[in-house]
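Note sheet for the following structure.
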Amino acid sequence: MLLPLTALVLAGCGQSSDRAAARAATERFLTAFRADDGAAACAALSSETRKALAREESGPCPETVGALELDGGAVTKVQVAVTNAKVDLAGGESVFLSEQAAGWRISALGCRPDGPPTTVPFACELEA
Amino acid sequence: MQNWVRDNGLGLFFGAIFLATLVGQALVGHADFNHDQLRHHDDPISLGRYVLSSDFGSDVMENWQSEYLQFTLYILMTVWLLQRGSPESKKPGIQGLESDQDQKVGEHTTAQSPSWARFGDWRTALYSNSLLIVMVAIWLGSWSVQSITGHNAYNATQFDHQQAAVSWLGYVGTSDFWNRTLQNWQSEFLAVGSMAVLSIYLRQRGSPESKPVGSPHAATGTES
């Protein structure tokens, strides 16, 4: 009994701060995106996601991030697993994040299920 | 002190190599995890973070649970099942829980017997099965932790591939959980089964796990 309980407590304690950080990174992006603050929005993305955006939109991230078509909405659910996280938004989209040396950064956004959600990858507006 | 070390050499030796190999596993597991991080264009994590992660927990627990299951089954099965010619087996004819006299419980205890062997009530019944009870508890405990940590590590991969998380109940029905479980079980069962059979014909001079070198192949248990 002791081992599983210890594992649950350790997992819970370790992940509550990560959940808050993943939520904060998502909200920072959404706030900046709504305010047309490209530089601040891009700062919430991982470097690989910024590169993917630059490839897709043929321009630097701060100038092209506003072209993304996102429904956004308030954060409704945050799930963290080791160094990855998924944040669900009220508009029905999900954001995926990974933990980087500088903190939690967005690796995919504007994601919606494209089949059974546990077996088929979500279709995303932008992904690394 | 020297006498104490000599009297406890077996436990001390295995305790020491357990800790050394656990540290080794943490170091190479950390390197392997970070190699994977870099392949996915993610940043490496610290050793401390890795040791507290579900990835490390799952890798450790899946081995612990299988070891304790192996010895749990061995303790239980050797009560009733024989392997003729093996020093790991009881002698033919005494399968089962044996008499109170043979087991030195109740009125058959000696002055040196543990006190719970003497009472003859629930305490004696509990103490009579205490080894199995503790081994089962550790097995189920470590298997449960494997399922919890494995679930978390599995969902990390799900998120990395832009897929939704599975529930804990969903995870214990996945091929990942059962592959990690059964790959350990089969190797444990092979090892313990082969030791019981190989020791019929093969010897290790001086080891209590072996019959004396000159004992006949047909000698079972402590027969010589």
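Chains: A, B, ... in order of the structure tokens. Residues: from 1 per chain. Ligands: from 1, in order shown.
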- Report as a ChimeraX atom specification the set of chain B residues whose atoms approach chain A to within 9 Å, with distances computed over only C-alpha atoms. /B:41-45,52-55,57,137-138,140-146,148-149,151-166
- Tell me which protein, DNA and RNA residues are within 10 Å of Ala43 in chain A, counting only C-alpha atoms, leaving out same-chain ones fewer than 5 positions away, and put them as an MDAnalysis selection string. chainID A and resid 25 28:29 32 38 50 61:62 105:106
Would you save the residues of that selection, restricted to N, CA and C atoms, as an mmCIF file, in the first residue's frame?
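Written out: result_33.cif:
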data_model
loop_
_atom_site.group_PDB
_atom_site.id
_atom_site.type_symbol
_atom_site.label_atom_id
_atom_site.label_comp_id
_atom_site.auth_asym_id
_atom_site.auth_seq_id
_atom_site.Cartn_x
_atom_site.Cartn_y
_atom_site.Cartn_z
ATOM 1 N N ALA A 25 2.052 29.281 -19.678
ATOM 2 C CA ALA A 25 2.658 29.439 -21.009
ATOM 3 C C ALA A 25 1.575 29.547 -22.075
ATOM 4 N N ARG A 28 -0.138 32.918 -21.737
ATOM 5 C CA ARG A 28 0.731 33.993 -22.242
ATOM 6 C C ARG A 28 0.620 34.093 -23.770
ATOM 7 N N PHE A 29 0.638 32.885 -24.403
ATOM 8 C CA PHE A 29 0.528 32.884 -25.868
ATOM 9 C C PHE A 29 -0.815 33.460 -26.310
ATOM 10 N N ALA A 32 -1.111 37.230 -25.852
ATOM 11 C CA ALA A 32 -0.297 37.952 -26.834
ATOM 12 C C ALA A 32 -0.894 37.824 -28.233
ATOM 13 N N GLY A 38 3.157 39.853 -31.633
ATOM 14 C CA GLY A 38 3.830 38.709 -32.249
ATOM 15 C C GLY A 38 5.058 38.246 -31.480
ATOM 16 N N ARG A 50 8.650 27.526 -33.774
ATOM 17 C CA ARG A 50 8.893 28.800 -34.475
ATOM 18 C C ARG A 50 9.483 28.525 -35.872
ATOM 19 N N CYS A 61 8.758 34.483 -37.291
ATOM 20 C CA CYS A 61 7.619 34.162 -36.424
ATOM 21 C C CYS A 61 6.829 35.398 -35.972
ATOM 22 N N PRO A 62 7.471 36.437 -35.439
ATOM 23 C CA PRO A 62 6.677 37.560 -34.916
ATOM 24 C C PRO A 62 5.780 38.214 -35.970
ATOM 25 N N ARG A 105 7.139 25.280 -23.187
ATOM 26 C CA ARG A 105 6.934 25.968 -24.456
ATOM 27 C C ARG A 105 5.965 25.155 -25.314
ATOM 28 N N ILE A 106 5.230 25.860 -26.171
ATOM 29 C CA ILE A 106 4.207 25.222 -27.009
ATOM 30 C C ILE A 106 4.863 24.513 -28.201
#
- Query: Do you know which residues are at most 12 Å from range 76-80 of chain B counting only C-alpha atoms, after dropping those on the same chain fewer than 3 positions away, and could you put them as a count of residues only?
  - Reply: 31
- Item | Best match for closeness to Arg23 in chain A among A:Asp37, A:Asp71, A:Glu63, A:Asp88, counting only C-alpha atoms |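 Among A:Asp37, A:Asp71, A:Glu63, A:Asp88, it is A:Asp88 that comes nearest to Arg23 in chain A.
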- Task: Using CA of Leu126 in chain A and CA of Leu89 in chain A as the two end points, give the distance in Å to one decimal.
- Result: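 Taking CA of Leu126 in chain A and CA of Leu89 in chain A, their separation equals 15.6 Å.
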- Query: Just asking: which residues within range 106-152 of chain B are alpha helix (DSSP H) according to DSSP, as a ChimeraX atom specification?
  - Reply: /B:115-118,122-128,130-152
Restricted to N, CA, C and O atoms, what would the selected residues look like written as a CSV table (one decimal), in the first residue's frame?
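The resulting file, part-v3.csv, is shown below:
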chain,number,residue,atom,x,y,z
B,115,SER,N,8.0,-16.3,19.4
B,115,SER,CA,6.9,-16.4,20.3
B,115,SER,C,5.6,-16.6,19.5
B,115,SER,O,4.7,-17.3,20.0
B,116,TRP,N,5.4,-16.0,18.3
B,116,TRP,CA,4.1,-16.2,17.6
B,116,TRP,C,3.9,-17.6,17.1
B,116,TRP,O,2.8,-18.0,16.7
B,117,ALA,N,5.0,-18.4,17.1
B,117,ALA,CA,4.8,-19.8,16.7
B,117,ALA,C,4.2,-20.6,17.8
B,117,ALA,O,3.6,-21.7,17.6
B,118,ARG,N,4.2,-20.0,19.0
B,118,ARG,CA,3.8,-20.8,20.2
B,118,ARG,C,2.3,-20.6,20.5
B,118,ARG,O,1.7,-21.5,21.1
B,122,TRP,N,-4.6,-17.1,15.9
B,122,TRP,CA,-4.4,-16.3,14.6
B,122,TRP,C,-3.0,-15.8,14.4
B,122,TRP,O,-2.5,-15.7,13.3
B,123,ARG,N,-2.3,-15.6,15.5
B,123,ARG,CA,-1.0,-15.1,15.4
B,123,ARG,C,0.0,-16.1,14.8
B,123,ARG,O,0.8,-15.8,14.0
B,124,THR,N,-0.3,-17.4,15.2
B,124,THR,CA,0.6,-18.5,14.7
B,124,THR,C,0.2,-18.7,13.2
B,124,THR,O,1.1,-18.9,12.4
B,125,ALA,N,-1.1,-18.6,12.9
B,125,ALA,CA,-1.5,-18.7,11.5
B,125,ALA,C,-0.9,-17.6,10.6
B,125,ALA,O,-0.4,-17.9,9.5
B,126,LEU,N,-0.9,-16.4,11.2
B,126,LEU,CA,-0.3,-15.3,10.4
B,126,LEU,C,1.2,-15.4,10.3
B,126,LEU,O,1.7,-15.3,9.2
B,127,TYR,N,1.8,-15.8,11.4
B,127,TYR,CA,3.3,-15.9,11.3
B,127,TYR,C,3.7,-17.1,10.4
B,127,TYR,O,4.8,-17.0,9.8
B,128,SER,N,2.9,-18.1,10.4
B,128,SER,CA,3.2,-19.3,9.5
B,128,SER,C,3.2,-18.9,8.0
B,128,SER,O,3.7,-19.7,7.2
B,130,SER,N,3.9,-15.6,7.0
B,130,SER,CA,4.3,-14.2,7.0
B,130,SER,C,5.3,-13.9,5.8
B,130,SER,O,5.3,-12.8,5.3
B,131,LEU,N,6.1,-14.9,5.5
B,131,LEU,CA,7.0,-14.7,4.4
B,131,LEU,C,6.3,-14.5,3.1
B,131,LEU,O,6.6,-13.5,2.3
B,132,LEU,N,5.3,-15.3,2.8
B,132,LEU,CA,4.5,-15.2,1.6
B,132,LEU,C,3.7,-13.9,1.6
B,132,LEU,O,3.6,-13.3,0.6
B,133,ILE,N,3.1,-13.6,2.7
B,133,ILE,CA,2.3,-12.4,2.8
B,133,ILE,C,3.1,-11.1,2.5
B,133,ILE,O,2.7,-10.3,1.7
B,134,VAL,N,4.3,-11.0,3.0
B,134,VAL,CA,5.2,-9.9,2.8
B,134,VAL,C,5.6,-9.8,1.3
B,134,VAL,O,5.6,-8.8,0.6
B,135,MET,N,6.0,-11.0,0.8
B,135,MET,CA,6.4,-11.1,-0.6
B,135,MET,C,5.3,-10.7,-1.6
B,135,MET,O,5.5,-10.0,-2.6
B,136,VAL,N,4.1,-11.2,-1.3
B,136,VAL,CA,2.9,-10.8,-2.1
B,136,VAL,C,2.7,-9.3,-2.0
B,136,VAL,O,2.4,-8.7,-3.1
B,137,ALA,N,2.8,-8.8,-0.8
B,137,ALA,CA,2.5,-7.3,-0.6
B,137,ALA,C,3.5,-6.5,-1.4
B,137,ALA,O,3.2,-5.5,-2.1
B,138,ILE,N,4.8,-6.9,-1.4
B,138,ILE,CA,5.8,-6.1,-2.2
B,138,ILE,C,5.6,-6.3,-3.7
B,138,ILE,O,5.7,-5.3,-4.4
B,139,TRP,N,5.2,-7.5,-4.1
B,139,TRP,CA,5.0,-7.8,-5.5
B,139,TRP,C,3.8,-6.9,-6.0
B,139,TRP,O,4.0,-6.1,-7.0
B,140,LEU,N,2.7,-6.9,-5.3
B,140,LEU,CA,1.5,-6.1,-5.7
B,140,LEU,C,1.8,-4.6,-5.6
B,140,LEU,O,1.4,-3.9,-6.4
B,141,GLY,N,2.5,-4.3,-4.6
B,141,GLY,CA,2.9,-2.8,-4.4
B,141,GLY,C,3.7,-2.3,-5.5
B,141,GLY,O,3.4,-1.3,-6.1
B,142,SER,N,4.8,-3.1,-5.9
B,142,SER,CA,5.6,-2.6,-7.0
B,142,SER,C,5.0,-2.7,-8.3
B,142,SER,O,5.2,-1.9,-9.2
B,143,TRP,N,4.1,-3.7,-8.5
B,143,TRP,CA,3.3,-3.8,-9.8
B,143,TRP,C,2.4,-2.6,-9.9
B,143,TRP,O,2.2,-2.1,-11.0
B,144,SER,N,1.7,-2.2,-8.8
B,144,SER,CA,0.9,-1.1,-8.8
B,144,SER,C,1.6,0.2,-9.2
B,144,SER,O,1.2,1.0,-10.0
B,145,VAL,N,2.8,0.4,-8.6
B,145,VAL,CA,3.6,1.5,-8.9
B,145,VAL,C,4.0,1.5,-10.4
B,145,VAL,O,4.1,2.5,-11.0
B,146,GLN,N,4.4,0.3,-10.9
B,146,GLN,CA,4.7,0.2,-12.3
B,146,GLN,C,3.5,0.7,-13.1
B,146,GLN,O,3.8,1.4,-14.1
B,147,SER,N,2.3,0.3,-12.7
B,147,SER,CA,1.1,0.8,-13.5
B,147,SER,C,1.0,2.3,-13.5
B,147,SER,O,0.6,2.9,-14.5
B,148,ILE,N,1.2,2.9,-12.3
B,148,ILE,CA,1.0,4.3,-12.1
B,148,ILE,C,2.1,5.1,-12.9
B,148,ILE,O,1.8,6.0,-13.7
B,149,THR,N,3.4,4.7,-12.7
B,149,THR,CA,4.5,5.4,-13.4
B,149,THR,C,4.5,5.1,-14.9
B,149,THR,O,4.7,6.0,-15.7
B,150,GLY,N,4.2,3.9,-15.2
B,150,GLY,CA,4.1,3.5,-16.6
B,150,GLY,C,3.0,4.3,-17.4
B,150,GLY,O,3.2,4.7,-18.5
B,151,HIS,N,1.9,4.5,-16.7
B,151,HIS,CA,0.7,5.2,-17.2
B,151,HIS,C,1.2,6.7,-17.5
B,151,HIS,O,0.9,7.2,-18.6
B,152,ASN,N,1.9,7.3,-16.6
B,152,ASN,CA,2.4,8.6,-16.8
B,152,ASN,C,3.4,8.7,-18.0
B,152,ASN,O,3.3,9.6,-18.8
- Query: CA of Trp168 in chain B to CA of Gln25 in chain B: how many Å, to one decimal?
  - Reply: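 Computing the Euclidean distance for CA of Trp168 in chain B and CA of Gln25 in chain B yields 26.1 Å.
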- Query: To one decimal place, how far is CA of Gly120 in chain B from CA of Val105 in chain B in Å?
  - Reply: 7.1 Å
- Go through B:Val28, B:Gly106, B:Asn63, B:Phe33 one by one, measure the shortest atom-to-atom distance of each to Asp121 in chain B using only C-alpha atoms, and give the residue with the smallest value.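 The answer is B:Gly106, which sits nearest to Asp121 in chain B.
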- strand (DSSP E) call set, DSSP backbone run, range 36-117 of chain A, as a ChimeraX atom specification: /A:75-81,84-89,94-100,103-112
Same residues, N, CA, C and O atoms, saved as a compact mmCIF listing (two decimals), in the first residue's frame:
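Saved to result.txt:
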# COMPACT_ATOMS: atom_id res chain seq x y z
N VAL A 75 -8.71 28.31 -20.75
CA VAL A 75 -8.16 26.98 -20.45
C VAL A 75 -9.18 26.19 -19.63
O VAL A 75 -9.68 26.68 -18.62
N THR A 76 -9.52 25.00 -20.11
CA THR A 76 -10.49 24.18 -19.37
C THR A 76 -9.85 22.98 -18.67
O THR A 76 -10.37 22.47 -17.70
N LYS A 77 -8.70 22.52 -19.18
CA LYS A 77 -8.07 21.33 -18.59
C LYS A 77 -6.57 21.33 -18.90
O LYS A 77 -6.19 21.65 -20.03
N VAL A 78 -5.78 20.97 -17.92
CA VAL A 78 -4.32 20.86 -18.12
C VAL A 78 -3.88 19.47 -17.66
O VAL A 78 -4.18 19.06 -16.54
N GLN A 79 -3.19 18.75 -18.52
CA GLN A 79 -2.65 17.44 -18.17
C GLN A 79 -1.15 17.45 -18.42
O GLN A 79 -0.70 17.86 -19.51
N VAL A 80 -0.39 16.99 -17.42
CA VAL A 80 1.07 16.93 -17.55
C VAL A 80 1.54 15.49 -17.40
O VAL A 80 1.05 14.76 -16.52
N ALA A 81 2.45 15.07 -18.25
CA ALA A 81 3.07 13.75 -18.13
C ALA A 81 4.57 13.90 -18.41
O ALA A 81 4.95 14.20 -19.54
N ASN A 84 5.97 16.44 -21.01
CA ASN A 84 5.00 16.83 -22.03
C ASN A 84 3.67 17.20 -21.38
O ASN A 84 3.36 16.72 -20.29
N ALA A 85 2.92 18.06 -22.04
CA ALA A 85 1.63 18.48 -21.48
C ALA A 85 0.63 18.72 -22.59
O ALA A 85 1.00 18.97 -23.75
N LYS A 86 -0.66 18.64 -22.20
CA LYS A 86 -1.75 18.94 -23.13
C LYS A 86 -2.71 19.88 -22.40
O LYS A 86 -3.09 19.62 -21.26
N VAL A 87 -3.04 20.97 -23.07
CA VAL A 87 -3.95 21.96 -22.48
C VAL A 87 -5.16 22.08 -23.39
O VAL A 87 -5.02 22.31 -24.60
N ASP A 88 -6.35 21.87 -22.83
CA ASP A 88 -7.59 21.97 -23.60
C ASP A 88 -8.18 23.37 -23.42
O ASP A 88 -8.15 23.94 -22.32
N LEU A 89 -8.76 23.89 -24.51
CA LEU A 89 -9.33 25.24 -24.49
C LEU A 89 -10.84 25.18 -24.71
O LEU A 89 -11.35 24.23 -25.33
N SER A 94 -6.92 22.02 -28.66
CA SER A 94 -5.93 21.66 -27.65
C SER A 94 -4.58 22.22 -28.03
O SER A 94 -4.30 22.44 -29.22
N VAL A 95 -3.76 22.45 -27.01
CA VAL A 95 -2.38 22.92 -27.20
C VAL A 95 -1.47 21.87 -26.58
O VAL A 95 -1.76 21.37 -25.48
N PHE A 96 -0.40 21.50 -27.25
CA PHE A 96 0.58 20.56 -26.70
C PHE A 96 1.84 21.33 -26.37
O PHE A 96 2.28 22.21 -27.14
N LEU A 97 2.43 20.99 -25.22
CA LEU A 97 3.65 21.69 -24.78
C LEU A 97 4.72 20.68 -24.39
O LEU A 97 4.41 19.53 -24.04
N SER A 98 5.96 21.13 -24.41
CA SER A 98 7.05 20.31 -23.89
C SER A 98 7.91 21.19 -22.98
O SER A 98 7.95 22.41 -23.15
N GLU A 99 8.54 20.54 -22.01
CA GLU A 99 9.36 21.28 -21.06
C GLU A 99 10.75 21.49 -21.65
O GLU A 99 11.44 20.53 -21.97
N GLN A 100 11.14 22.74 -21.81
CA GLN A 100 12.46 23.08 -22.32
C GLN A 100 13.32 23.62 -21.16
O GLN A 100 12.81 23.82 -20.06
N GLY A 103 11.81 26.59 -19.70
CA GLY A 103 10.44 26.45 -19.17
C GLY A 103 9.54 25.76 -20.18
O GLY A 103 10.00 25.24 -21.19
N TRP A 104 8.24 25.76 -19.87
CA TRP A 104 7.29 25.08 -20.77
C TRP A 104 7.06 25.92 -22.01
O TRP A 104 6.83 27.13 -21.93
N ARG A 105 7.14 25.28 -23.19
CA ARG A 105 6.93 25.97 -24.46
C ARG A 105 5.96 25.16 -25.31
O ARG A 105 5.93 23.92 -25.23
N ILE A 106 5.23 25.86 -26.17
CA ILE A 106 4.21 25.22 -27.01
C ILE A 106 4.86 24.51 -28.20
O ILE A 106 5.68 25.10 -28.91
N SER A 107 4.51 23.23 -28.37
CA SER A 107 5.06 22.47 -29.49
C SER A 107 4.02 22.27 -30.60
O SER A 107 4.38 21.98 -31.74
N ALA A 108 2.74 22.40 -30.26
CA ALA A 108 1.68 22.30 -31.28
C ALA A 108 0.47 23.07 -30.77
O ALA A 108 0.18 23.05 -29.58
N LEU A 109 -0.25 23.73 -31.68
CA LEU A 109 -1.44 24.46 -31.24
C LEU A 109 -2.51 24.47 -32.32
O LEU A 109 -2.24 24.14 -33.48
N GLY A 110 -3.74 24.78 -31.86
CA GLY A 110 -4.88 24.70 -32.77
C GLY A 110 -5.15 23.25 -33.15
O GLY A 110 -5.45 22.95 -34.31
N CYS A 111 -5.04 22.35 -32.20
CA CYS A 111 -5.16 20.92 -32.50
C CYS A 111 -6.56 20.40 -32.18
O CYS A 111 -7.12 20.70 -31.13
N ARG A 112 -7.09 19.61 -33.10
CA ARG A 112 -8.40 18.98 -32.91
C ARG A 112 -8.30 17.50 -33.27
O ARG A 112 -7.50 17.13 -34.14
